[in-house]
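Everything below belongs to upload.cif, which stores mmCIF, C-alpha atoms.
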```
data_structure
#
loop_
_atom_site.label_atom_id
_atom_site.label_comp_id
_atom_site.auth_asym_id
_atom_site.auth_seq_id
_atom_site.Cartn_x
_atom_site.Cartn_y
_atom_site.Cartn_z
CA MET A 523 -89.07 -40.71 13.93
CA ALA A 524 -86.12 -38.55 15.02
CA LYS A 525 -85.12 -35.76 12.63
CA GLU A 526 -81.99 -36.61 10.67
CA HIS A 527 -79.53 -33.70 10.85
CA LEU A 528 -77.20 -32.77 8.03
CA GLY A 529 -73.56 -33.81 8.25
CA ASN A 530 -70.78 -31.26 7.89
CA LEU A 531 -69.97 -32.17 4.28
CA GLU A 532 -73.66 -32.41 3.38
CA LEU A 533 -74.22 -28.88 4.67
CA MET A 534 -71.18 -27.61 2.72
CA VAL A 535 -72.43 -29.32 -0.47
CA LEU A 536 -75.89 -27.74 -0.08
CA LEU A 537 -74.35 -24.30 0.50
CA ALA A 538 -72.13 -24.78 -2.58
CA LEU A 539 -75.25 -25.69 -4.60
CA LEU A 540 -76.96 -22.50 -3.39
CA ARG A 541 -73.93 -20.44 -4.40
CA ILE A 542 -73.48 -22.03 -7.86
CA ARG A 543 -77.23 -22.17 -8.64
CA ARG A 544 -77.09 -23.28 -12.34
CA GLY A 545 -74.99 -26.02 -13.94
CA ALA A 546 -73.69 -27.48 -10.68
CA TYR A 547 -71.93 -30.83 -11.00
CA GLY A 548 -69.10 -32.61 -9.16
CA VAL A 549 -66.16 -30.45 -10.30
CA PRO A 550 -67.57 -26.94 -9.58
CA ILE A 551 -69.10 -28.14 -6.30
CA SER A 552 -65.77 -29.51 -5.00
CA ARG A 553 -63.97 -26.34 -6.25
CA GLU A 554 -66.48 -24.07 -4.50
CA ILE A 555 -66.01 -25.95 -1.22
CA ALA A 556 -62.20 -25.98 -1.62
CA GLU A 557 -62.15 -22.23 -2.33
CA HIS A 558 -64.08 -21.31 0.81
CA THR A 559 -62.77 -23.90 3.27
CA GLU A 560 -59.15 -23.89 2.02
CA ARG A 561 -59.01 -27.68 1.98
CA GLU A 562 -59.23 -30.12 -0.89
CA VAL A 563 -62.41 -32.19 -1.01
CA ALA A 564 -62.28 -35.44 -2.96
CA ILE A 565 -64.83 -35.68 -5.77
CA GLY A 566 -65.74 -39.17 -4.58
CA SER A 567 -66.68 -37.82 -1.13
CA VAL A 568 -68.78 -35.06 -2.76
CA TYR A 569 -70.69 -37.69 -4.78
CA ALA A 570 -71.24 -39.85 -1.68
CA ALA A 571 -72.73 -36.79 0.09
CA LEU A 572 -74.84 -35.91 -2.98
CA GLU A 573 -76.17 -39.49 -3.12
CA ARG A 574 -77.26 -39.27 0.54
CA LEU A 575 -78.82 -35.83 -0.01
CA GLU A 576 -80.72 -37.07 -3.06
CA ARG A 577 -82.12 -39.96 -1.02
CA LYS A 578 -83.22 -37.49 1.69
CA GLY A 579 -84.94 -35.41 -0.99
CA CYS A 580 -82.68 -32.37 -0.48
CA VAL A 581 -81.28 -32.37 -4.04
CA SER A 582 -82.47 -33.53 -7.43
CA SER A 583 -80.26 -34.50 -10.36
CA ALA A 584 -80.36 -34.83 -14.15
CA LEU A 585 -77.91 -36.43 -16.54
CA GLY A 586 -76.36 -34.25 -19.28
CA GLU A 587 -74.89 -35.25 -22.61
CA PRO A 588 -71.68 -37.33 -22.80
CA SER A 589 -68.63 -35.42 -24.02
CA PRO A 590 -65.30 -36.67 -25.46
CA GLU A 591 -63.18 -34.54 -23.07
CA ARG A 592 -64.72 -36.53 -20.19
CA GLY A 593 -63.92 -39.89 -21.81
CA GLY A 594 -67.43 -40.15 -23.25
CA ARG A 595 -69.08 -39.78 -19.84
CA ALA A 596 -71.98 -37.46 -19.12
CA LYS A 597 -72.16 -34.81 -16.39
CA ARG A 598 -74.73 -35.22 -13.64
CA TYR A 599 -76.23 -31.82 -12.79
CA PHE A 600 -77.54 -31.21 -9.29
CA GLN A 601 -80.10 -28.74 -7.98
CA ILE A 602 -81.17 -27.99 -4.43
CA THR A 603 -84.85 -28.69 -3.66
CA GLY A 604 -87.24 -26.78 -1.38
CA LYS A 605 -86.62 -29.35 1.35
CA GLY A 606 -82.85 -28.84 0.93
CA VAL A 607 -83.21 -25.05 1.40
CA ARG A 608 -85.31 -25.62 4.55
CA GLU A 609 -82.67 -28.02 5.92
CA VAL A 610 -79.93 -25.40 5.36
CA ARG A 611 -82.00 -22.72 7.13
CA ASP A 612 -82.67 -25.11 10.05
CA ALA A 613 -78.96 -25.89 10.35
CA GLN A 614 -78.13 -22.17 10.28
CA ARG A 615 -80.70 -21.42 13.01
CA MET A 616 -79.42 -24.30 15.12
CA LEU A 617 -75.78 -23.15 14.83
CA ILE A 618 -76.64 -19.49 15.60
CA SER A 619 -78.60 -20.63 18.66
CA LEU A 620 -75.62 -22.69 19.86
CA TRP A 621 -73.25 -19.72 19.32
CA GLN A 622 -75.40 -17.37 21.37
CA ASN A 623 -73.99 -16.34 24.79
CA LEU A 624 -70.51 -17.54 23.78
CA GLY A 625 -67.52 -15.19 23.82
CA PRO A 626 -65.08 -14.72 20.90
CA GLN A 627 -62.85 -17.56 22.17
CA GLY A 628 -65.82 -19.89 22.66
CA GLU A 629 -65.97 -19.35 26.43
CA SER A 630 -69.43 -19.08 27.98
CA ALA A 631 -70.33 -15.49 28.87
CA MET B 1044 -44.04 -35.04 -20.63
CA ARG B 1045 -47.40 -35.68 -18.95
CA SER B 1046 -49.73 -38.10 -20.72
CA ASN B 1047 -53.07 -36.66 -21.89
CA HIS B 1048 -54.80 -39.97 -21.16
CA ALA B 1049 -56.19 -40.48 -17.70
CA PRO B 1050 -55.35 -43.95 -16.31
CA VAL B 1051 -57.96 -46.12 -18.04
CA LEU B 1052 -57.83 -48.89 -15.43
CA ALA B 1053 -58.52 -46.46 -12.58
CA ALA B 1054 -61.43 -44.85 -14.48
CA TRP B 1055 -62.85 -48.29 -15.31
CA LEU B 1056 -62.66 -49.34 -11.65
CA VAL B 1057 -64.46 -46.13 -10.58
CA ASP B 1058 -67.21 -46.86 -13.15
CA ARG B 1059 -67.56 -50.42 -11.84
CA PHE B 1060 -67.49 -49.63 -8.11
CA CYS B 1061 -69.49 -46.38 -8.11
CA GLY B 1062 -71.98 -47.36 -10.84
CA GLU B 1063 -72.17 -43.69 -11.83
CA PRO B 1064 -70.19 -42.66 -14.95
CA ALA B 1065 -70.27 -38.97 -13.95
CA VAL B 1066 -67.74 -39.62 -11.13
CA ALA B 1067 -65.02 -40.91 -13.48
CA GLY B 1068 -66.01 -38.19 -15.99
CA ASP B 1069 -65.38 -35.50 -13.37
CA LEU B 1070 -62.04 -37.05 -12.44
CA ILE B 1071 -61.00 -37.15 -16.13
CA GLU B 1072 -62.03 -33.49 -16.51
CA GLU B 1073 -59.91 -32.51 -13.50
CA PHE B 1074 -57.00 -34.66 -14.74
CA ARG B 1075 -57.01 -32.76 -18.05
CA GLU B 1076 -56.68 -29.51 -16.09
CA GLY B 1077 -53.15 -30.62 -15.15
CA HIS B 1078 -53.32 -33.14 -12.31
CA SER B 1079 -50.93 -36.11 -12.24
CA SER B 1080 -51.62 -39.83 -12.62
CA VAL B 1081 -50.84 -40.29 -8.91
CA TRP B 1082 -53.55 -37.71 -8.11
CA PHE B 1083 -55.97 -39.57 -10.39
CA TRP B 1084 -55.29 -42.94 -8.74
CA ARG B 1085 -55.61 -41.42 -5.25
CA GLN B 1086 -58.92 -39.73 -6.12
CA SER B 1087 -60.16 -42.96 -7.74
CA LEU B 1088 -59.40 -44.99 -4.60
CA ILE B 1089 -61.13 -42.36 -2.42
CA ALA B 1090 -64.16 -42.45 -4.76
CA ILE B 1091 -64.30 -46.27 -4.64
CA LEU B 1092 -64.05 -46.29 -0.83
CA ALA B 1093 -66.57 -43.46 -0.39
CA CYS B 1094 -69.15 -45.04 -2.74
CA SER B 1095 -68.73 -48.53 -1.27
CA SER B 1096 -68.71 -47.50 2.40
CA ALA B 1097 -71.87 -45.40 1.89
CA ARG B 1098 -73.64 -48.43 0.36
CA ILE B 1099 -72.41 -50.75 3.11
CA TRP B 1100 -73.64 -48.30 5.76
CA ASP B 1101 -77.04 -47.89 4.08
CA HIS B 1102 -77.59 -51.63 3.56
CA LYS B 1103 -76.33 -53.23 6.76
CA TRP B 1104 -78.50 -56.37 6.57
CA LEU B 1105 -77.47 -57.01 2.98
CA THR B 1106 -73.82 -56.62 4.07
CA ILE B 1107 -74.30 -59.15 6.88
CA ARG B 1108 -75.89 -61.55 4.38
CA ALA B 1109 -73.00 -61.10 1.90
CA VAL B 1110 -70.32 -61.67 4.55
CA THR B 1111 -72.17 -64.72 5.96
CA MET B 1112 -72.58 -66.16 2.48
CA GLY B 1113 -68.90 -65.65 1.67
CA PHE B 1114 -67.88 -67.16 5.01
CA LEU B 1115 -70.09 -70.25 4.53
CA PHE B 1116 -68.88 -70.76 0.95
CA ALA B 1117 -65.25 -70.46 2.07
CA TRP B 1118 -65.84 -72.84 4.97
CA ILE B 1119 -67.68 -75.53 3.02
CA VAL B 1120 -65.99 -75.38 -0.39
CA ILE B 1121 -62.48 -74.20 0.47
CA ARG B 1122 -61.83 -75.55 3.96
CA ILE B 1123 -63.65 -78.88 3.62
CA GLY B 1124 -63.97 -79.50 -0.13
CA MET B 1125 -60.59 -78.29 -1.33
CA LYS B 1126 -58.36 -79.11 1.64
CA GLU B 1127 -59.90 -82.47 2.62
CA ILE B 1128 -61.01 -83.88 -0.72
CA VAL B 1129 -59.38 -82.15 -3.71
CA HIS B 1130 -55.90 -81.58 -2.24
CA PRO B 1131 -55.12 -85.26 -1.36
CA TRP B 1132 -56.57 -86.44 -4.66
CA TRP B 1133 -54.70 -83.72 -6.64
CA ASP B 1134 -51.35 -84.69 -5.10
CA ALA B 1135 -51.88 -88.25 -6.32
CA VAL B 1136 -52.79 -87.41 -9.92
CA ALA B 1137 -51.02 -84.14 -10.85
CA PRO B 1138 -47.88 -82.13 -10.01
CA PRO B 1139 -48.36 -80.64 -6.48
CA ALA B 1140 -46.82 -77.36 -7.67
CA TRP B 1141 -49.97 -76.69 -9.71
CA TYR B 1142 -52.25 -76.97 -6.70
CA PRO B 1143 -52.01 -73.26 -5.62
CA ALA B 1144 -53.47 -72.20 -8.99
CA ILE B 1145 -56.38 -74.62 -8.55
CA ALA B 1146 -56.83 -73.55 -4.92
CA LEU B 1147 -57.42 -69.94 -6.01
CA LEU B 1148 -60.33 -70.88 -8.29
CA PRO B 1149 -62.93 -71.21 -5.48
CA TRP B 1150 -62.01 -67.69 -4.31
CA LEU B 1151 -62.83 -66.39 -7.79
CA VAL B 1152 -66.17 -68.22 -7.64
CA ASN B 1153 -66.79 -66.88 -4.11
CA GLY B 1154 -66.35 -63.25 -5.20
CA TRP B 1155 -68.42 -63.87 -8.33
CA LEU B 1156 -71.29 -65.39 -6.33
CA ILE B 1157 -71.34 -62.59 -3.74
CA GLY B 1158 -71.42 -60.03 -6.55
CA ARG B 1159 -74.04 -61.89 -8.56
CA LEU B 1160 -76.43 -62.37 -5.64
CA HIS B 1161 -76.18 -58.83 -4.25
CA ARG B 1162 -77.01 -56.66 -7.23
CA PRO B 1163 -77.11 -53.66 -7.60
CA TYR B 1164 -74.65 -53.30 -4.71
CA SER B 1165 -72.37 -56.14 -5.92
CA LEU B 1166 -68.98 -54.55 -5.52
CA ALA B 1167 -69.73 -52.81 -2.22
CA MET B 1168 -70.73 -56.21 -0.81
CA VAL B 1169 -67.59 -57.85 -2.25
CA LEU B 1170 -65.49 -55.13 -0.60
CA ALA B 1171 -67.31 -55.68 2.71
CA TYR B 1172 -66.41 -59.38 2.54
CA ALA B 1173 -62.81 -58.40 1.62
CA VAL B 1174 -62.62 -56.25 4.77
CA TRP B 1175 -63.91 -59.19 6.81
CA LEU B 1176 -61.22 -61.43 5.26
CA VAL B 1177 -58.50 -58.90 6.15
CA ILE B 1178 -59.74 -58.70 9.78
CA ARG B 1179 -59.96 -62.49 9.98
CA SER B 1180 -56.43 -62.84 8.56
CA ALA B 1181 -54.88 -60.67 11.28
CA PRO B 1182 -54.42 -63.38 14.03
CA PRO B 1183 -52.75 -66.05 11.80
CA VAL B 1184 -50.53 -63.45 10.12
CA TYR B 1185 -49.58 -62.07 13.55
CA ASP B 1186 -48.70 -65.59 14.78
CA ALA B 1187 -46.60 -66.21 11.65
CA ALA B 1188 -44.85 -62.84 12.13
CA VAL B 1189 -44.04 -63.67 15.76
CA ASP B 1190 -42.65 -67.07 14.66
CA ALA B 1191 -40.60 -65.38 11.91
CA PHE B 1192 -39.09 -62.82 14.27
CA THR B 1193 -38.19 -65.50 16.82
CA GLY B 1194 -36.46 -67.40 14.02
CA VAL B 1195 -38.85 -70.38 13.91
CA GLY B 1196 -40.22 -70.08 10.36
CA ALA B 1197 -39.50 -67.09 8.14
CA GLY B 1198 -40.89 -68.91 5.07
CA ALA B 1199 -44.24 -69.44 6.79
CA LEU B 1200 -44.81 -65.67 7.08
CA ALA B 1201 -44.09 -65.12 3.38
CA PHE B 1202 -46.43 -67.99 2.43
CA GLU B 1203 -49.15 -66.73 4.78
CA LEU B 1204 -48.96 -63.22 3.32
CA TRP B 1205 -48.79 -64.40 -0.30
CA SER B 1206 -51.64 -66.90 -0.04
CA ARG B 1207 -53.97 -64.51 1.79
CA ALA B 1208 -53.19 -61.52 -0.45
CA SER B 1209 -53.61 -63.56 -3.65
CA SER B 1210 -56.90 -65.13 -2.55
CA LEU B 1211 -58.21 -61.67 -1.55
CA LEU B 1212 -57.23 -60.20 -4.92
CA ILE B 1213 -58.72 -63.13 -6.87
CA MET B 1214 -61.93 -62.89 -4.81
CA ILE B 1215 -62.27 -59.15 -5.68
CA CYS B 1216 -61.57 -59.99 -9.35
CA GLY B 1217 -64.45 -62.50 -9.19
CA GLY B 1218 -66.71 -59.74 -7.84
CA VAL B 1219 -65.61 -57.34 -10.59
CA LEU B 1220 -66.27 -60.07 -13.19
CA SER B 1221 -69.80 -60.54 -11.87
CA SER B 1222 -70.61 -56.88 -12.56
CA THR B 1223 -68.93 -56.77 -15.98
CA ARG B 1224 -70.62 -57.54 -19.25
CA LEU B 1225 -67.98 -59.60 -21.05
CA VAL B 1226 -69.85 -59.68 -24.38
CA PRO B 1227 -70.81 -56.16 -25.51
CA ARG B 1228 -74.47 -55.46 -26.24
CA ARG B 1229 -75.51 -55.78 -29.89
CA SER B 1230 -76.46 -52.12 -30.15
CA SER B 1231 -73.12 -50.93 -28.77
CA HIS B 1232 -71.07 -53.22 -31.04
CA ARG B 1233 -70.28 -50.50 -33.60
CA ALA B 1234 -69.23 -48.03 -30.93
CA TRP B 1235 -67.01 -50.71 -29.40
CA LYS B 1236 -65.32 -51.44 -32.75
CA SER B 1237 -64.65 -47.77 -33.47
CA HIS B 1238 -63.34 -47.06 -29.98
CA ARG B 1239 -59.68 -46.12 -30.10
CA ILE B 1240 -57.66 -48.43 -27.90
CA PRO B 1241 -55.38 -46.31 -25.69
CA ALA B 1242 -51.67 -46.90 -25.46
CA ALA B 1243 -50.46 -49.37 -22.82
CA SER B 1244 -48.83 -46.50 -20.91
CA ALA B 1245 -52.21 -44.78 -20.63
CA PHE B 1246 -53.80 -47.94 -19.22
CA PHE B 1247 -51.68 -47.70 -16.09
CA GLY B 1248 -51.31 -43.94 -16.16
CA CYS B 1249 -47.56 -43.97 -16.86
CA ARG B 1250 -45.77 -40.93 -18.16
CA ARG B 1251 -44.56 -41.10 -21.74
#
```
Could I get this structure in the form of structure tokens?
Amino acid sequence: MAKEHLGNLELMVLLALLRIRRGAYGVPISREIAEHTEREVAIGSVYAALERLERKGCVSSALGEPSPERGGRAKRYFQITGKGVREVRDAQRMLISLWQNLGPQGESA
Amino acid sequence: MRSNHAPVLAAWLVDRFCGEPAVAGDLIEEFREGHSSVWFWRQSLIAILACSSARIWDHKWLTIRAVTMGFLFAWIVIRIGMKEIVHPWWDAVAPPAWYPAIALLPWLVNGWLIGRLHRPYSLAMVLAYAVWLVIRSAPPVYDAAVDAFTGVGAGALAFELWSRASSLLIMICGGVLSSTRLVPRRSSHRAWKSHRIPAASAFFGCRR
């Protein structure tokens, strides 16, 4: 079976999870991505990416306690798995390899 | 002054369509940080579309089954049953003006059936069928628009738009009904009774 590569948003979500480490849920993940990419990421899109990543085995999740300031809804905490870390490293290697022999403007040297 | 209540209807729809309470919880948390009701509605719609499209993409065969089932139901019950049998009989026994209300009932049943038979992806499948209905509505609406702009029948365009939009909305309502527990569970009865009902303005996210 062909290896399934990470999408752009999936890679950003995994990197955000690596940066946050503990207590990562929808809000801090989307803020972390927004802070570093300077564009707003909808929470719904972040959850869709997290759902895909969880199915691929790249993240695991656990439900917290419901709180009144969230309308009685619980937080879902996410954590990157060993497979997720390997996928990020693979993506990094692949991108570095593609960048090699390219000039600063992207022209081939 | 900005209301402290996030739009309850939008949060409820996110709960129904995404099936994950944490999504609406995150949106409510962000809303309390100072975002507007318009922001909340926009984020809710994005969340609904993102959750549903991911499920449609991941379950293509189930989507094809849902759309085929909806199409067959509409063809047999609505096109043949309602138009050929019920409509002529209805005109003879009751005021014809009431017929549109009766004609919308099968659409409610159609959405309900699609939702009921495609659990746990009920609402994603209902939305997939809704997209199919919109695509299928394009040629007749286009023809009616051409007729209206050439001055042949302006009323026909309004009727075409109204009837298709209302049947689509009623069909989605049927799907939402299929995934909603109308009678609360026995164990959650006390929590339901003690739940503070928000003001009407909060329900639609209006400013006070």
Listed atoms of range 598-617 of chain A boxed along x, y and z, 3 Å each side, centre and edge lengths in Å, one decimal, as lines of an AutoDock Vina configuration file:
```
center_x = -81.0
center_y = -28.3
center_z = 0.7
size_x = 18.5
size_y = 19.8
size_z = 34.8
```
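Minimum atom-to-atom distance to Lys578 in chain A, evaluated using only C-alpha atoms, belongs to A:Glu526 out of A:Lys597, A:Leu620, A:Glu526, A:Gly625.
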**Asked** Any idea which chain B residues end up within 10 Å of chain A if we count all atoms listed in the file, as a PyMOL selection string please?
**Response** chain B and resi 1048-1049+1051+1054+1057-1058+1061+1063-1075+1085-1098+1101
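Of the listed residues (B:Leu1204, B:Ala1109, B:Ala1173, B:Ala1117), B:Leu1204 comes nearest to Ala1187 in chain B; the distances count all atoms listed in the file.
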List the neighbours of Gly604 in chain A out to 10 Å using only C-alpha atoms; skip same-chain residues closer than 2 positions along the sequence, and give me the result as an mmCIF file with C-alpha atoms, keeping the file's coordinate frame.
```cif
data_model
loop_
_atom_site.group_PDB
_atom_site.id
_atom_site.type_symbol
_atom_site.label_atom_id
_atom_site.label_comp_id
_atom_site.auth_asym_id
_atom_site.auth_seq_id
_atom_site.Cartn_x
_atom_site.Cartn_y
_atom_site.Cartn_z
ATOM 1 C CA GLY A 579 -84.940 -35.410 -0.990
ATOM 2 C CA CYS A 580 -82.680 -32.370 -0.480
ATOM 3 C CA VAL A 581 -81.280 -32.370 -4.040
ATOM 4 C CA GLN A 601 -80.100 -28.740 -7.980
ATOM 5 C CA ILE A 602 -81.170 -27.990 -4.430
ATOM 6 C CA GLY A 606 -82.850 -28.840 0.930
ATOM 7 C CA VAL A 607 -83.210 -25.050 1.400
ATOM 8 C CA ARG A 608 -85.310 -25.620 4.550
ATOM 9 C CA GLU A 609 -82.670 -28.020 5.920
#
```
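Taking all atoms listed in the file, the non-local environment of range 1120-1128 of chain B within 12 Å (same-chain residues fewer than 4 positions away omitted) comprises Met1112, Gly1113, Phe1114, Leu1115, Phe1116, Trp1132, Trp1133, Asp1134, Ala1135, Tyr1142, Pro1143, Ile1145, Ala1146, Leu1147, Leu1148, Pro1149, Trp1150, Leu1151, Val1152, Asn1153 and Ser1210 of chain B.
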**Prompt:** What does the PyMOL selection byres ((chain B and resi 1168-1171) around 7) select in this file, as an NGL selection string?
**Reply:** :B and (1099 or 1106 or 1109-1110 or 1154 or 1157-1158 or 1161 or 1164-1167 or 1172-1175 or 1215 or 1218)
**Message:** Give me, as a VMD selection string, all polymer residues having an atom no more than 10 Å from Leu540 in chain A, counting all atoms listed in the file and skipping those fewer than 2 positions away in the same chain.
**Reply:** chain A and resid 534 to 538 542 to 544 546 601 to 602 606 to 607 610
Copy range 1062-1089 of chain B out of the block into a file, keeping C-alpha atoms, as a short mmCIF file (atom, residue, chain, number, x, y, z; two decimals), in the first residue's frame.
```
data_model
loop_
_atom_site.label_atom_id
_atom_site.label_comp_id
_atom_site.auth_asym_id
_atom_site.auth_seq_id
_atom_site.Cartn_x
_atom_site.Cartn_y
_atom_site.Cartn_z
CA GLY B 1062 -20.89 14.75 17.20
CA GLU B 1063 -18.04 16.03 19.37
CA PRO B 1064 -19.01 18.45 22.20
CA ALA B 1065 -15.42 19.72 22.51
CA VAL B 1066 -15.74 21.63 19.19
CA ALA B 1067 -18.66 23.79 20.39
CA GLY B 1068 -16.95 24.07 23.80
CA ASP B 1069 -13.83 25.52 22.16
CA LEU B 1070 -15.92 27.95 20.12
CA ILE B 1071 -17.77 29.10 23.27
CA GLU B 1072 -14.42 29.57 25.05
CA GLU B 1073 -13.12 31.71 22.18
CA PHE B 1074 -16.41 33.65 22.03
CA ARG B 1075 -16.04 34.57 25.71
CA GLU B 1076 -12.60 36.00 24.92
CA GLY B 1077 -14.37 38.77 22.98
CA HIS B 1078 -15.40 37.48 19.56
CA SER B 1079 -18.72 38.54 18.03
CA SER B 1080 -21.84 36.51 17.28
CA VAL B 1081 -21.08 36.82 13.55
CA TRP B 1082 -17.65 35.26 14.21
CA PHE B 1083 -19.32 32.45 16.18
CA TRP B 1084 -21.82 31.69 13.40
CA ARG B 1085 -19.06 31.77 10.75
CA GLN B 1086 -16.85 29.41 12.78
CA SER B 1087 -19.84 27.14 13.45
CA LEU B 1088 -20.63 26.87 9.73
CA ILE B 1089 -16.96 26.14 8.93
#
```
